[in-house]
2 protein chains.
Amino acid sequence: MNTTKNIKQNRVVTLSSLLSAFGLSLVCVSALSAADADVDLMNKAKAIFGPLPASMPSPGNPITPEKVKLGNVLFWESRISSDGTVSCAKCHPMGLYAADGLRKAIGNHCKENPRNSPTIFNAASQISEHWIGNRTSVEDQAKQALVGPPSFGMPNYESVEKILKGIKGYAAMFKEAFPAEMDPVTADNFAKAVGAFERTLMTPAPFDDFMQGNASALTGQQKRGLRAFMDTGCMTCHFSPYLGGQMYQKFGVFEPYEKYTKSQPVDEGRFAVTKNPSDKYLFKVPVLRNAAETPPYFHDGSVDTLADAVAIMAKIQLAKDLTKEQVGDIAAFLSSLTGKIPEAALRVPILPSAE
Amino acid sequence: MNTTKNIKQNRVVTLSSLLSAFGLSLVCVSALSAADADVDLMNKAKAIFGPLPASMPSPGNPITPEKVKLGNVLFWESRISSDGTVSCAKCHPMGLYAADGLRKAIGNHCKENPRNSPTIFNAASQISEHWIGNRTSVEDQAKQALVGPPSFGMPNYESVEKILKGIKGYAAMFKEAFPAEMDPVTADNFAKAVGAFERTLMTPAPFDDFMQGNASALTGQQKRGLRAFMDTGCMTCHFSPYLGGQMYQKFGVFEPYEKYTKSQPVDEGRFAVTKNPSDKYLFKVPVLRNAAETPPYFHDGSVDTLADAVAIMAKIQLAKDLTKEQVGDIAAFLSSLTGKIPEAALRVPILPSAE
């Protein structure tokens, strides 16, 4: 490789002299070097991030078309919330890339959730769900949301099951999705169905095309941003095909985060789950796919723009002051993670009749 | 016609004698009579209701593809509400036939609206909008909703326009929809776009197939119900292709409605708009299309089931005590008004980026 490069460089010198003698530019030759740089960048990116899979399977909840279909319907079901207004789609509206654009999610009776609503696209890939990892999986998240005081707010799972059983159309749909069960209309199966649906929601993006070898899938600025993202160290935490979701990390390694985010109150993060002092201010590293389309940022939605979020992260996680240009480049790279929303997510299912 | 019938009846008698002599049944002969009855029912229905048009045009707001496209996007836009949670789709979720299943609609900051949220399908056809006719058109409804304290709750139209202008993608979309205007991102054009979208939302139903001559589009019970609907007098108010929306009528002609609906408080209806004592308890006669899919019923959603709503209406509007069978038949007929939701309504548009 190095030999090839040297040969090329020698050739460039020769060509350069020759061309300038004729007053010609070096555009095509620069393009050759740029192609090398692209291949280098692709290889580095592939090693750190890797290809986005076609779905996010779980041994505990195999994805079947019947479960996905039921889960898609249940995702939009608001009649199982304490005030009849909350469905999964409320805090994860598909047209806003399955995040809600609010600082903190608003659930039943306008109760504020403790943290920002993340997108559900590519979400089942993570080590846990919720910002502080207090949900083990998308299935666990879906189930507990039903009785979560600030989300669906139902008093217990039985009350959810009673409503689902009262909506006649669901009996057949649950039976199809869970054919081996005698009494399949349960909160557990609600969770499995919604989970199976979510496990199919991948959003392949220009960045994936780039990693697959299409150099023109990213703009020049996005490529600079990708390189800056890696050189700065962002990928120390934001790795894997999801660029996050694989570990917990202290928010504010070098300085308290609230100094920059102006957060009030100061959330102690995963400490609330483990009560272990070493977990203070730890949060799950968020998935960065579709970040450009899912403001505001951080666990409390305290920062409005992607550029500000990038600058703050470099400052307090890596003790680096990025230039305005670097911030712009990294934000541009992050916008190459904006993916194609699956058709199924963009189609509203007709819910079964109340009677 | 009478002559033809008499001839047929004579032939039936002759055939009947002949057939019974051979021990054969009269099935095919009965079918002939039933066909006559169907044609009679179709003709009566066509005269009272008439064909559903392909859209609901307005001279003041011509329907163009660009306006419809923009209106479809704006219909899902929640960032223009005071708490960021309210879009048109909140109170008119497409998967529930564009009504919300609540007694009264819940808007920004969980404020309760004074009345039940009606479906927006086939809605632009009406003499006015809202239960008490305090909105002149779907455009007027869409515009006023933006500043309606219990709906979007924005302080004024300027604040809405400021948000829309801050979402970059909208400039081009408004320009395409309103090409002649210099500064098209306005609340008025929001209203026109949403209105144009809504003017396309028709839901042709089995009842329309029946009126067009397909006798098997309705079940036997639904046909009995249609006849009972007309014989009982329901169509005195629920006429036109929309089976309603064309007039105001006192709710509780023979007895106060609250005696049966248990409504609290007692809503004085259109009197609130006109202050004319003769308008006390007047409400706009609701469109009955998709009624079976849009419980609960009446202006305050006080009644849960279609059967109860039918029985109460006959009792207090027409002083008739329907039998349980008649109520079941009419409810079955009303379910033949459940239509096909347009594909465009079932597709979630991707909203333009915040930045």
# chains A, B, ... in the order shown; residues from 1 in each chain; ligands from 1
>>> closest_atom_pairs(of="stretch 121-207 of chain A", to="stretch 295-309 of chain A", cutoff="10 Å", atoms="only C-alpha atoms", output="tab-separated table")
residue	atom	partner	partner_atom	distance
A:His130	CA	A:His299	CA	9.3
A:Trp131	CA	A:His299	CA	6.4
A:Ile132	CA	A:His299	CA	8.9
>>> interface_residues(of="chain A", to="chain B", cutoff="6 Å", atoms="only C-alpha atoms", output="MDAnalysis selection string")
chainID A and resid 95:96 110 293 346:351 353
>>> residues_around(residues="stretch 324-338 of chain A", least_positions_apart="6", cutoff="10 Å", atoms="only C-alpha atoms", output="ChimeraX atom specification")
/A:97,203-210,217-230,232,234,242-243,288-294,305-312,314
>>> select_by_dssp(residues="stretch 175-313 of chain A", states="strand (DSSP E or B)", output="PyMOL selection string")
chain A and resi 248-250+269+282-284+297+303
>>> residues_around(residues="B:Asn156", least_positions_apart="6", cutoff="10 Å", atoms="only C-alpha atoms", output="list in words")
Gln144, Leu146, Val147, Gly148 and Ala187 of chain B
>>> atom_distance(atom1="atom CA of B:Ala272", atom2="atom CA of B:Cys88")
24.4 Å
>>> residues_around(residues="A:Ala171", least_positions_apart="6", cutoff="9 Å", atoms="only C-alpha atoms", output="JSON, numbers by chain")
{"A": [164, 165, 183, 184, 185]}
>>> select_by_dssp(residues="stretch 170-326 of chain B", states="alpha helix (DSSP H)", output="PyMOL selection string")
chain B and resi 170-177+187-198+206-211+220-232+258-261+271-274+306-318+324-326
>>> residues_around(residues="stretch 277-282 of chain B", least_positions_apart="4", cutoff="10 Å", atoms="only C-alpha atoms", output="ChimeraX atom specification")
/B:131-133,247-253,256-257,266-273
>>> write_last_selection(atoms="N, CA, C and O atoms", output="CSV table (one decimal), in the first residue's frame")
chain,number,residue,atom,x,y,z
B,131,TRP,N,-69.7,21.7,16.7
B,131,TRP,CA,-71.0,21.2,17.0
B,131,TRP,C,-72.0,22.4,17.0
B,131,TRP,O,-73.2,22.2,16.8
B,132,ILE,N,-71.6,23.6,17.4
B,132,ILE,CA,-72.5,24.7,17.5
B,132,ILE,C,-72.3,25.7,16.3
B,132,ILE,O,-72.9,26.8,16.3
B,133,GLY,N,-71.6,25.2,15.3
B,133,GLY,CA,-71.5,26.1,14.1
B,133,GLY,C,-70.8,27.4,14.3
B,133,GLY,O,-71.0,28.3,13.6
B,247,MET,N,-77.9,21.1,8.6
B,247,MET,CA,-78.8,21.9,9.3
B,247,MET,C,-78.5,21.9,10.8
B,247,MET,O,-77.8,21.0,11.3
B,248,TYR,N,-79.1,22.8,11.6
B,248,TYR,CA,-79.1,22.7,13.0
B,248,TYR,C,-80.4,22.1,13.5
B,248,TYR,O,-81.4,22.3,12.8
B,249,GLN,N,-80.4,21.5,14.6
B,249,GLN,CA,-81.7,20.9,15.1
B,249,GLN,C,-81.6,20.9,16.7
B,249,GLN,O,-80.5,20.8,17.2
B,250,LYS,N,-82.7,21.1,17.3
B,250,LYS,CA,-82.8,21.0,18.7
B,250,LYS,C,-82.5,19.6,19.2
B,250,LYS,O,-83.0,18.6,18.6
B,251,PHE,N,-81.5,19.5,20.1
B,251,PHE,CA,-81.3,18.1,20.7
B,251,PHE,C,-82.2,18.0,21.8
B,251,PHE,O,-82.0,18.6,22.9
B,252,GLY,N,-83.2,17.1,21.7
B,252,GLY,CA,-84.2,16.9,22.7
B,252,GLY,C,-85.5,17.7,22.3
B,252,GLY,O,-85.9,18.6,23.0
B,253,VAL,N,-86.1,17.2,21.2
B,253,VAL,CA,-87.3,17.9,20.7
B,253,VAL,C,-88.5,17.6,21.7
B,253,VAL,O,-89.2,18.4,22.0
B,256,PRO,N,-85.9,16.7,27.4
B,256,PRO,CA,-84.6,17.2,27.5
B,256,PRO,C,-83.5,16.1,27.3
B,256,PRO,O,-83.7,15.0,27.9
B,257,TYR,N,-82.5,16.4,26.6
B,257,TYR,CA,-81.6,15.3,26.2
B,257,TYR,C,-80.8,14.8,27.5
B,257,TYR,O,-80.5,13.6,27.6
B,266,VAL,N,-75.3,20.8,31.2
B,266,VAL,CA,-76.2,20.8,30.1
B,266,VAL,C,-75.7,22.0,29.1
B,266,VAL,O,-75.7,23.1,29.5
B,267,ASP,N,-75.3,21.6,28.0
B,267,ASP,CA,-74.8,22.5,27.0
B,267,ASP,C,-75.9,23.1,26.2
B,267,ASP,O,-76.8,22.4,25.7
B,268,GLU,N,-76.0,24.5,26.2
B,268,GLU,CA,-77.1,25.1,25.5
B,268,GLU,C,-76.9,25.2,24.0
B,268,GLU,O,-77.7,25.9,23.3
B,269,GLY,N,-75.8,24.7,23.5
B,269,GLY,CA,-75.6,24.6,22.0
B,269,GLY,C,-75.5,25.9,21.4
B,269,GLY,O,-74.8,26.8,21.9
B,270,ARG,N,-76.1,26.1,20.2
B,270,ARG,CA,-75.9,27.2,19.3
B,270,ARG,C,-76.3,28.5,20.0
B,270,ARG,O,-75.9,29.6,19.5
B,271,PHE,N,-77.1,28.5,21.0
B,271,PHE,CA,-77.4,29.7,21.8
B,271,PHE,C,-76.1,30.5,22.2
B,271,PHE,O,-76.1,31.7,22.2
B,272,ALA,N,-75.1,29.7,22.5
B,272,ALA,CA,-73.8,30.4,22.9
B,272,ALA,C,-73.2,31.2,21.7
B,272,ALA,O,-72.5,32.2,22.0
B,273,VAL,N,-73.6,30.9,20.5
B,273,VAL,CA,-73.1,31.7,19.4
B,273,VAL,C,-74.0,32.8,19.1
B,273,VAL,O,-73.5,34.0,18.9
>>> residues_around(residues="A:Gln126", least_positions_apart="2", cutoff="8 Å", atoms="only C-alpha atoms", output="PDB file with N, CA and C atoms, in the first residue's frame")
ATOM      1  N   ALA A 123     -33.297   1.427  17.929  1.00  0.00           N
ATOM      2  CA  ALA A 123     -33.135   1.536  19.384  1.00  0.00           C
ATOM      3  C   ALA A 123     -32.958   0.195  20.086  1.00  0.00           C
ATOM      4  N   ALA A 124     -33.492  -0.874  19.487  1.00  0.00           N
ATOM      5  CA  ALA A 124     -33.463  -2.166  20.175  1.00  0.00           C
ATOM      6  C   ALA A 124     -32.052  -2.743  20.256  1.00  0.00           C
ATOM      7  N   SER A 128     -29.337  -1.429  26.956  1.00  0.00           N
ATOM      8  CA  SER A 128     -30.516  -1.265  27.801  1.00  0.00           C
ATOM      9  C   SER A 128     -31.334  -0.138  27.164  1.00  0.00           C
ATOM     10  N   GLU A 129     -32.504   0.142  27.725  1.00  0.00           N
ATOM     11  CA  GLU A 129     -33.319   1.253  27.214  1.00  0.00           C
ATOM     12  C   GLU A 129     -33.467   2.319  28.293  1.00  0.00           C
ATOM     13  N   SER A 137     -34.782  -3.886  27.879  1.00  0.00           N
ATOM     14  CA  SER A 137     -34.962  -4.134  26.439  1.00  0.00           C
ATOM     15  C   SER A 137     -36.133  -3.293  25.944  1.00  0.00           C
ATOM     16  N   GLY A 244     -23.426   4.432  19.221  1.00  0.00           N
ATOM     17  CA  GLY A 244     -23.857   4.640  20.600  1.00  0.00           C
ATOM     18  C   GLY A 244     -24.702   3.480  21.087  1.00  0.00           C
ATOM     19  N   GLY A 245     -25.179   3.613  22.321  1.00  0.00           N
ATOM     20  CA  GLY A 245     -26.069   2.599  22.872  1.00  0.00           C
ATOM     21  C   GLY A 245     -25.377   1.379  23.448  1.00  0.00           C
ATOM     22  N   GLN A 246     -24.040   1.367  23.456  1.00  0.00           N
ATOM     23  CA  GLN A 246     -23.329   0.146  23.859  1.00  0.00           C
ATOM     24  C   GLN A 246     -22.677   0.240  25.234  1.00  0.00           C
TER      25      GLN A 246
END
